[in-house]
Protein chains: 2
Amino acid sequence: MAKKLSIGEYLLDQLYRRGVEHMFGVPGDYVLGFYGCIARSKVRCIGTTREDAAGFAADAYARLKGLGAAVVTYCVGGLNIANPIAGAYAEKSPVVVISGAPGMKERRRDPLLHHKIRNFDTQRRIYEQITVASAALEDPLLAYHEIDRVLDAVQRYRRPGYIELPRDMVDVVYPHHTTAATLEDITDPEALADCIAETAEFLNRAKHVVVLAGVEMHRFGLRDELVQLIKKTNYPVAATLLGKSVIDEEHPLYLGVYEGAMGQPSIQRFVEQADCVLMLGSTMNDIDMGIHTANLDSGKVICANSDRITVRRHNYVDVPLRSFTKALLKAPLMRRHGPPLPARAYPWGVPPRGDAPVTVAGLFRAVNDFLTEDMIVICDIGDSCFGAADLVMRGRTNFLSSAYYASMGFAMPAAVGSQFVDCRLRPVVLVGDGAFQMTGMELSTAAKYGLTPIVIVLNNHGYGTERQILDGPFNDIHLWDFAKIPQVLGRGKGFSVKTMDELRAALSASMECHDCFCILDVDLDPYDISPALKRLGESMSKNLK
Amino acid sequence: MAKKLSIGEYLLDQLYRRGVEHMFGVPGDYVLGFYGCIARSKVRCIGTTREDAAGFAADAYARLKGLGAAVVTYCVGGLNIANPIAGAYAEKSPVVVISGAPGMKERRRDPLLHHKIRNFDTQRRIYEQITVASAALEDPLLAYHEIDRVLDAVQRYRRPGYIELPRDMVDVVYPHHTTAATLEDITDPEALADCIAETAEFLNRAKHVVVLAGVEMHRFGLRDELVQLIKKTNYPVAATLLGKSVIDEEHPLYLGVYEGAMGQPSIQRFVEQADCVLMLGSTMNDIDMGIHTANLDSGKVICANSDRITVRRHNYVDVPLRSFTKALLKAPLMRRHGPPLPARAYPWGVPPRGDAPVTVAGLFRAVNDFLTEDMIVICDIGDSCFGAADLVMRGRTNFLSSAYYASMGFAMPAAVGSQFVDCRLRPVVLVGDGAFQMTGMELSTAAKYGLTPIVIVLNNHGYGTERQILDGPFNDIHLWDFAKIPQVLGRGKGFSVKTMDELRAALSASMECHDCFCILDVDLDPYDISPALKRLGESMSKNLK
């Protein structure tokens, strides 16, 4: 008969069974006992420099692998990770936060223990705001079930969960636990039938259907169904920015990224001229809708996501995205032959001469030329992300960004997390100088574990996106010589890039370098921006007042 | 007649009137309009690399100046500052967080706007947990009063407050505002009389009284009263670690830092042998009480702090610390001549030879020798803080630490904040290598504004404090060559220090350098610790299980 697991062991066993082989975190005294427990388990804990970096790394890991976890100490660690976890909530990434806490025996008479903020439940109350399920494992009788409940909810809703583990509960064994049955998504079969009938009729009556695919098709494991659907129907498909690479971008029916006026005009026109837009796994958020520049009449939209299914102006409830997608595949949909797809446009124009300074367009063109199938592009927010929308990704889901929550500092730690999912997948990080100053020193963790990201710093000397909205000295930042960071870290290769020739040489040298990270400090004019950002800036200026 | 102020202008005007000349922050689109408003005001906004650094800087500014403020954007900025603000709550520092937010007009129909987590009130609900007062300025009719209310509460309780400013409210002017009367602390005169009578009788009957002074005597502006009290009564006085430097450490009645078994044994003995301990402005938190190693019988303690006055085992309510202290000064207290004070002990022993490796004790001895009155010592948590307890501070309140909340990463950004309070006060930062990796790159802000901290990295190759509790590879971190950071930042001087001679030379060179920051990478044995940390580690190991 198997040895009964302690609460700490059970938590790790459940995480491992659900696919978590690596966790990310920073130790601290209230979580040290659990770190000892991890060291004896099959799960490996990757030490980052800061807790927020652990959060972003676990988020990226979760996006690629289906579940991620971060391990932190009480409050001083737990609150440092609040922002990445809020981002995972907003963008539906299944990350579990495990926080150490003072032992139950220490809490008698409510003492002032270090790291305590107000009450012993303060941190948990905060996490209730930014997770789908939370539990403090304060009672051995309930602890095992609570672990099941939180992990089930995280996997079901693809949103973060919170587990607080008092340090004197880690090694407690409670003898009578049996795992509860996992709750299934509830599908109302009659609502589903109505919804599919109406959707099929709408699709079959339309002359020109376009699918707009979002990130949830990846999160909820529905990419195969998406490909089958367009194969069956011949519908052309665009992706949202957040969903970029949800489908192989070399697929003949793929249009490119649709994002209202921020996207390429030919794609915007094609999508907006359709008489039926089938949004699958995407939401009407402001970034994906080109900051209110999308012109999609709700009367011609079917919007299916994990919150609800909306057909034109009415909603179906209890019709989960998965049930909807699978049923739609079986529905009698006519094969369509709409207008010809717009030609693939490369919006970067003629590249600058080799000895000319690098431009934003020239940079993206050069990066696009050098991408291969074994790379994953990870973008920070700002022009790094908006400009990257036009890159052509080869293969499956190799584009990550925080395009909706839009937290600066996502990319570099996310690159660390992604390379633990698949060490053969080489991260290409596109990050602004401002965002790099927030979390870029997480290169330290890349150096520590021998990771090999290629980090391209779009150095436009400040907060470039904001200069387009309201300029002032507050958008200036102190200049770093990013290429010298390898000297501080004792590993890695740095390149200072000013001209197009230097850029191509540095990209080639980075490709050749297989045993360490590379960082390219690419000098850009502070006011040179991608066409997408130009349109966005103009749009946001209007919304500022 | 004066021009009526907009909501944004009124907020800045009130902050300036209450002493805020500098704020700290990172801009973002939802707060850019307010940044424009700041640029036209008397208040200067200092740009940091990250929001948490802005939080720590504003916290240090508040500790020294009585009020501080941080300005951030919605959620992605606001949640990045949650940890420093929670620390300010735990350690009673009056910091105001001002967060931008989507405009009220943008919120109709609850759209998915970028940076939004769950609902538009999610961030405010989080801040309700870690502030004494919070307000979202969503209604011009109430906004001016709400600003008054939050700022009054922050100043009254010396704890953080939260003001959320929708971007379309910044420039709104509401014509009929009159400032409300500030609420005063409530004192129950009869409870105060009883409390003072009992306290005075207790003090006068005791043979050997010791005062244990905490940080609240500084926060609540009662340092002069503390000095008057010991002058009148001749009571010897010790400080808590969090309260270190609340009294001039060269005062003849000053004993040193009391912190149970973590402190110097002669001070512990002297305090614990007293038959009456008058705790003023200090709490029984675990760090100040030497992690449960303090042996203070509650039957001989009077504990007066901003929460309550406790005489032995009963509490007085509605007796504020200020009223209590002022009334105690007027009470008929007998002048005492207790046992002679223990001789000032310098616990560092014989310094190592000049060519010998630097030891922790040798380091603190050298730092102590080199401190002058125009310096402020700012410690990160860990041995940087515990070891610093024995330094002798000259002058007034020139020691800052996060000794109770114990958040790593406090010191470097706090040094930035402190130098804006008084540019002649030179910060000496004591920080471990692990903590430096969290926020040390905030040296960038020192470089940007020409600040001159002397940063001493106690480089013991990992999380040294934790090695004493439970050692394992999770306590190892990647080594940085800290002395090369000036090359990345294009400013500053770096020193690699291995021997005592190199340490003294680097300290002297730093003293001579008046126009930039200096960073000393001091190589230490990973297991060399201060005596205080050794006792703490042993104590915490016992509490781990």
# chains A, B, ... in the order shown; residues from 1 in each chain; ligands from 1
>>> interface_residues(of="chain A", to="chain B", cutoff="6 Å", atoms="only C-alpha atoms", output="PyMOL selection string")
chain A and resi 49-50+76+79-80+83+86+90+112-115+117+126+168+285-286+404-405+407+437-438+448+478+480-481+484+488-489+545
>>> select_by_dssp(residues="range 9-163 of chain B", states="alpha helix (DSSP H)", output="MDAnalysis selection string")
chainID B and resid 9:17 32:39 51:65 82:90 122:128 140:157
>>> write_last_selection(atoms="C-alpha atoms", output="compact mmCIF listing (two decimals), in the first residue's frame")
# COMPACT_ATOMS: atom_id res chain seq x y z
CA GLU B 9 -4.51 70.62 -9.11
CA TYR B 10 -6.22 70.44 -5.74
CA LEU B 11 -4.64 67.08 -4.98
CA LEU B 12 -1.18 68.43 -5.82
CA ASP B 13 -1.81 71.64 -3.89
CA GLN B 14 -2.82 69.69 -0.79
CA LEU B 15 0.20 67.39 -1.05
CA TYR B 16 2.53 70.38 -1.42
CA ARG B 17 0.99 72.21 1.52
CA LEU B 32 -0.39 60.69 -18.29
CA GLY B 33 -2.87 63.55 -18.00
CA PHE B 34 -2.06 63.81 -14.31
CA TYR B 35 1.66 63.76 -15.16
CA GLY B 36 1.00 66.78 -17.33
CA CYS B 37 -0.74 68.39 -14.36
CA ILE B 38 2.28 67.62 -12.11
CA ALA B 39 4.64 69.16 -14.66
CA GLU B 51 6.89 51.08 -9.58
CA ASP B 52 7.99 49.13 -6.52
CA ALA B 53 11.11 51.27 -6.42
CA ALA B 54 8.87 54.34 -6.48
CA GLY B 55 6.99 52.85 -3.52
CA PHE B 56 10.09 52.26 -1.44
CA ALA B 57 11.47 55.70 -2.36
CA ALA B 58 8.20 57.39 -1.35
CA ASP B 59 8.18 55.34 1.86
CA ALA B 60 11.68 56.53 2.81
CA TYR B 61 10.72 60.09 1.88
CA ALA B 62 7.64 59.79 4.10
CA ARG B 63 9.62 58.40 7.04
CA LEU B 64 11.98 61.35 6.91
CA LYS B 65 9.62 64.14 5.88
CA ALA B 82 1.40 46.71 -3.50
CA ASN B 83 4.31 45.19 -1.61
CA PRO B 84 6.06 48.45 -0.64
CA ILE B 85 2.71 49.93 0.39
CA ALA B 86 1.90 46.88 2.51
CA GLY B 87 5.29 47.40 4.15
CA ALA B 88 4.45 51.02 4.81
CA TYR B 89 1.21 49.86 6.41
CA ALA B 90 2.99 47.32 8.63
CA THR B 122 -10.63 45.44 -8.33
CA GLN B 123 -7.55 47.52 -7.62
CA ARG B 124 -9.36 49.66 -5.06
CA ARG B 125 -10.60 46.55 -3.23
CA ILE B 126 -7.01 45.33 -3.00
CA TYR B 127 -5.84 48.67 -1.61
CA GLU B 128 -8.58 48.65 1.00
CA PRO B 140 -16.59 65.76 -8.72
CA LEU B 141 -19.07 66.63 -5.97
CA LEU B 142 -17.19 64.42 -3.50
CA ALA B 143 -13.65 64.40 -4.92
CA TYR B 144 -12.23 67.38 -3.01
CA HIS B 145 -13.58 66.13 0.30
CA GLU B 146 -12.31 62.64 -0.44
CA ILE B 147 -8.81 64.00 -1.02
CA ASP B 148 -8.96 65.80 2.35
CA ARG B 149 -10.26 62.70 4.10
CA VAL B 150 -7.58 60.36 2.73
CA LEU B 151 -4.69 62.75 3.36
CA ASP B 152 -5.95 63.53 6.88
CA ALA B 153 -6.17 59.84 7.69
CA VAL B 154 -2.69 59.14 6.30
CA GLN B 155 -1.19 61.88 8.42
CA ARG B 156 -3.19 60.96 11.50
CA TYR B 157 -2.43 57.24 11.47
>>> residues_around(residues="Val71 in chain A", least_positions_apart="2", cutoff="7 Å", atoms="only C-alpha atoms", output="ChimeraX atom specification")
/A:23-26,69,97-99
>>> residues_around(residues="Gly382 in chain A", least_positions_apart="5", cutoff="8 Å", atoms="only C-alpha atoms", output="ChimeraX atom specification")
/A:432,464-465,533
>>> write_last_selection(atoms="N, CA and C atoms", output="PDB file, in the first residue's frame")
ATOM      1  N   GLY A 432      11.330  46.888 -25.160  1.00  0.00           N
ATOM      2  CA  GLY A 432      11.777  48.279 -25.158  1.00  0.00           C
ATOM      3  C   GLY A 432      12.782  48.534 -24.041  1.00  0.00           C
ATOM      4  N   GLY A 464       8.557  55.232 -25.425  1.00  0.00           N
ATOM      5  CA  GLY A 464       8.220  55.677 -26.774  1.00  0.00           C
ATOM      6  C   GLY A 464       6.730  55.711 -27.053  1.00  0.00           C
ATOM      7  N   THR A 465       5.998  54.693 -26.578  1.00  0.00           N
ATOM      8  CA  THR A 465       4.559  54.667 -26.838  1.00  0.00           C
ATOM      9  C   THR A 465       3.890  55.887 -26.217  1.00  0.00           C
ATOM     10  N   LEU A 533       1.798  51.539 -34.255  1.00  0.00           N
ATOM     11  CA  LEU A 533       1.863  52.392 -33.068  1.00  0.00           C
ATOM     12  C   LEU A 533       1.457  53.817 -33.410  1.00  0.00           C
TER      13      LEU A 533
END
>>> residues_around(residues="Glu216 in chain B", least_positions_apart="5", cutoff="8 Å", atoms="only C-alpha atoms", output="short mmCIF file (atom, residue, chain, number, x, y, z; two decimals) with N, CA and C atoms, in the first residue's frame")
data_model
loop_
_atom_site.label_atom_id
_atom_site.label_comp_id
_atom_site.auth_asym_id
_atom_site.auth_seq_id
_atom_site.Cartn_x
_atom_site.Cartn_y
_atom_site.Cartn_z
N LYS B 92 4.02 51.58 9.56
CA LYS B 92 3.47 52.92 9.79
C LYS B 92 4.29 54.02 9.13
N LEU B 222 7.50 62.84 18.24
CA LEU B 222 7.63 62.90 19.71
C LEU B 222 9.07 62.68 20.17
N GLY B 243 13.31 51.08 15.60
CA GLY B 243 13.40 52.45 16.09
C GLY B 243 14.82 52.97 16.19
N LEU B 280 7.90 52.99 24.68
CA LEU B 280 7.28 54.18 24.09
C LEU B 280 7.38 54.11 22.56
N GLY B 281 6.22 54.02 21.92
CA GLY B 281 6.21 54.02 20.46
C GLY B 281 6.77 52.75 19.85
N SER B 282 6.76 51.67 20.61
CA SER B 282 7.26 50.40 20.07
C SER B 282 6.21 49.32 20.27
N ASN B 305 1.82 52.67 22.50
CA ASN B 305 2.04 52.91 21.07
C ASN B 305 0.77 53.45 20.44
N SER B 306 0.76 53.62 19.15
CA SER B 306 -0.36 54.31 18.52
C SER B 306 -1.62 53.46 18.47
#
>>> residues_around(residues="range 356-370 of chain B", least_positions_apart="5", cutoff="8 Å", atoms="only C-alpha atoms", output="PDB file with N, CA and C atoms, in the first residue's frame")
ATOM      1  N   PRO B 347      31.170  45.110  19.415  1.00  0.00           N
ATOM      2  CA  PRO B 347      31.147  43.641  19.402  1.00  0.00           C
ATOM      3  C   PRO B 347      31.980  43.017  18.299  1.00  0.00           C
ATOM      4  N   TRP B 348      32.759  43.814  17.614  1.00  0.00           N
ATOM      5  CA  TRP B 348      33.373  43.293  16.394  1.00  0.00           C
ATOM      6  C   TRP B 348      34.729  42.634  16.611  1.00  0.00           C
ATOM      7  N   GLY B 349      35.233  42.696  17.870  1.00  0.00           N
ATOM      8  CA  GLY B 349      36.493  42.028  18.183  1.00  0.00           C
ATOM      9  C   GLY B 349      37.673  42.664  17.468  1.00  0.00           C
ATOM     10  N   PRO B 351      40.039  43.439  14.554  1.00  0.00           N
ATOM     11  CA  PRO B 351      39.840  43.385  13.100  1.00  0.00           C
ATOM     12  C   PRO B 351      40.855  42.460  12.431  1.00  0.00           C
ATOM     13  N   GLY B 387      23.289  43.044  11.542  1.00  0.00           N
ATOM     14  CA  GLY B 387      24.646  43.452  11.873  1.00  0.00           C
ATOM     15  C   GLY B 387      24.761  44.946  12.104  1.00  0.00           C
ATOM     16  N   ALA B 388      23.908  45.727  11.433  1.00  0.00           N
ATOM     17  CA  ALA B 388      23.983  47.182  11.541  1.00  0.00           C
ATOM     18  C   ALA B 388      23.443  47.709  12.861  1.00  0.00           C
ATOM     19  N   LEU B 391      26.008  49.528  14.895  1.00  0.00           N
ATOM     20  CA  LEU B 391      26.639  50.772  14.442  1.00  0.00           C
ATOM     21  C   LEU B 391      26.195  51.918  15.346  1.00  0.00           C
ATOM     22  N   VAL B 392      27.066  52.886  15.542  1.00  0.00           N
ATOM     23  CA  VAL B 392      26.697  54.049  16.363  1.00  0.00           C
ATOM     24  C   VAL B 392      26.369  55.217  15.448  1.00  0.00           C
ATOM     25  N   LYS B 498      38.060  42.464  -1.604  1.00  0.00           N
ATOM     26  CA  LYS B 498      38.264  41.142  -1.008  1.00  0.00           C
ATOM     27  C   LYS B 498      38.948  41.223   0.352  1.00  0.00           C
ATOM     28  N   THR B 499      39.856  42.186   0.510  1.00  0.00           N
ATOM     29  CA  THR B 499      40.608  42.256   1.776  1.00  0.00           C
ATOM     30  C   THR B 499      40.217  43.489   2.579  1.00  0.00           C
ATOM     31  N   MET B 500      40.607  43.481   3.833  1.00  0.00           N
ATOM     32  CA  MET B 500      40.319  44.609   4.713  1.00  0.00           C
ATOM     33  C   MET B 500      40.976  45.885   4.190  1.00  0.00           C
ATOM     34  N   LEU B 503      38.945  47.186   1.452  1.00  0.00           N
ATOM     35  CA  LEU B 503      37.705  47.759   1.971  1.00  0.00           C
ATOM     36  C   LEU B 503      37.937  49.184   2.449  1.00  0.00           C
ATOM     37  N   ARG B 504      38.987  49.374   3.255  1.00  0.00           N
ATOM     38  CA  ARG B 504      39.243  50.723   3.785  1.00  0.00           C
ATOM     39  C   ARG B 504      39.578  51.697   2.663  1.00  0.00           C
ATOM     40  N   LEU B 507      36.313  52.556   0.872  1.00  0.00           N
ATOM     41  CA  LEU B 507      35.494  53.475   1.675  1.00  0.00           C
ATOM     42  C   LEU B 507      36.074  54.892   1.603  1.00  0.00           C
ATOM     43  N   VAL B 522      31.612  43.590  -1.826  1.00  0.00           N
ATOM     44  CA  VAL B 522      32.468  43.055  -0.755  1.00  0.00           C
ATOM     45  C   VAL B 522      32.280  41.549  -0.666  1.00  0.00           C
ATOM     46  N   ASP B 523      33.296  40.837  -1.033  1.00  0.00           N
ATOM     47  CA  ASP B 523      33.250  39.374  -1.061  1.00  0.00           C
ATOM     48  C   ASP B 523      33.325  38.823   0.368  1.00  0.00           C
ATOM     49  N   LEU B 524      32.353  38.017   0.731  1.00  0.00           N
ATOM     50  CA  LEU B 524      32.306  37.441   2.080  1.00  0.00           C
ATOM     51  C   LEU B 524      32.152  35.929   1.976  1.00  0.00           C
ATOM     52  N   ASP B 525      32.582  35.240   2.993  1.00  0.00           N
ATOM     53  CA  ASP B 525      32.355  33.800   3.065  1.00  0.00           C
ATOM     54  C   ASP B 525      30.845  33.554   3.203  1.00  0.00           C
ATOM     55  N   ASP B 528      29.848  33.104   6.810  1.00  0.00           N
ATOM     56  CA  ASP B 528      30.273  34.076   7.824  1.00  0.00           C
ATOM     57  C   ASP B 528      29.090  34.991   8.120  1.00  0.00           C
ATOM     58  N   ILE B 529      28.722  35.072   9.380  1.00  0.00           N
ATOM     59  CA  ILE B 529      27.563  35.902   9.734  1.00  0.00           C
ATOM     60  C   ILE B 529      27.863  36.685  10.992  1.00  0.00           C
ATOM     61  N   SER B 530      27.033  37.676  11.248  1.00  0.00           N
ATOM     62  CA  SER B 530      27.177  38.447  12.475  1.00  0.00           C
ATOM     63  C   SER B 530      26.681  37.598  13.643  1.00  0.00           C
TER      64      SER B 530
END
>>> closest_residue(among="B:Leu67, B:Pro166, B:Arg223, B:Val95", to="Gly8 in chain B", atoms="only C-alpha atoms")
B:Pro166
>>> residues_around(residues="Cys303 in chain B", least_positions_apart="3", cutoff="6 Å", atoms="only C-alpha atoms", output="compact mmCIF listing (two decimals) with N, CA, C and O atoms, in the first residue's frame")
# COMPACT_ATOMS: atom_id res chain seq x y z
N MET B 279 7.83 51.02 27.43
CA MET B 279 7.97 50.97 25.97
C MET B 279 7.20 52.14 25.38
O MET B 279 5.99 52.26 25.56
N ILE B 309 -2.56 51.94 24.84
CA ILE B 309 -1.62 52.00 25.97
C ILE B 309 -1.92 50.79 26.85
O ILE B 309 -3.06 50.63 27.33
N THR B 310 -0.93 49.94 27.04
CA THR B 310 -1.12 48.76 27.89
C THR B 310 -0.26 48.90 29.14
O THR B 310 0.96 49.08 29.03
>>> atom_distance(atom1="CA of Leu255 in chain A", atom2="CA of Val311 in chain A")
23.2 Å
>>> closest_residue(among="B:Asp185, B:Asp383, B:Asp422, B:Asp374", to="Met511 in chain B", atoms="only C-alpha atoms")
B:Asp374
>>> atom_distance(atom1="CA of Val257 in chain B", atom2="CA of Asp433 in chain B")
25.1 Å
>>> closest_residue(among="A:Leu253, A:Cys423, A:Val497, A:Ala261", to="Arg344 in chain A", atoms="only C-alpha atoms")
A:Leu253
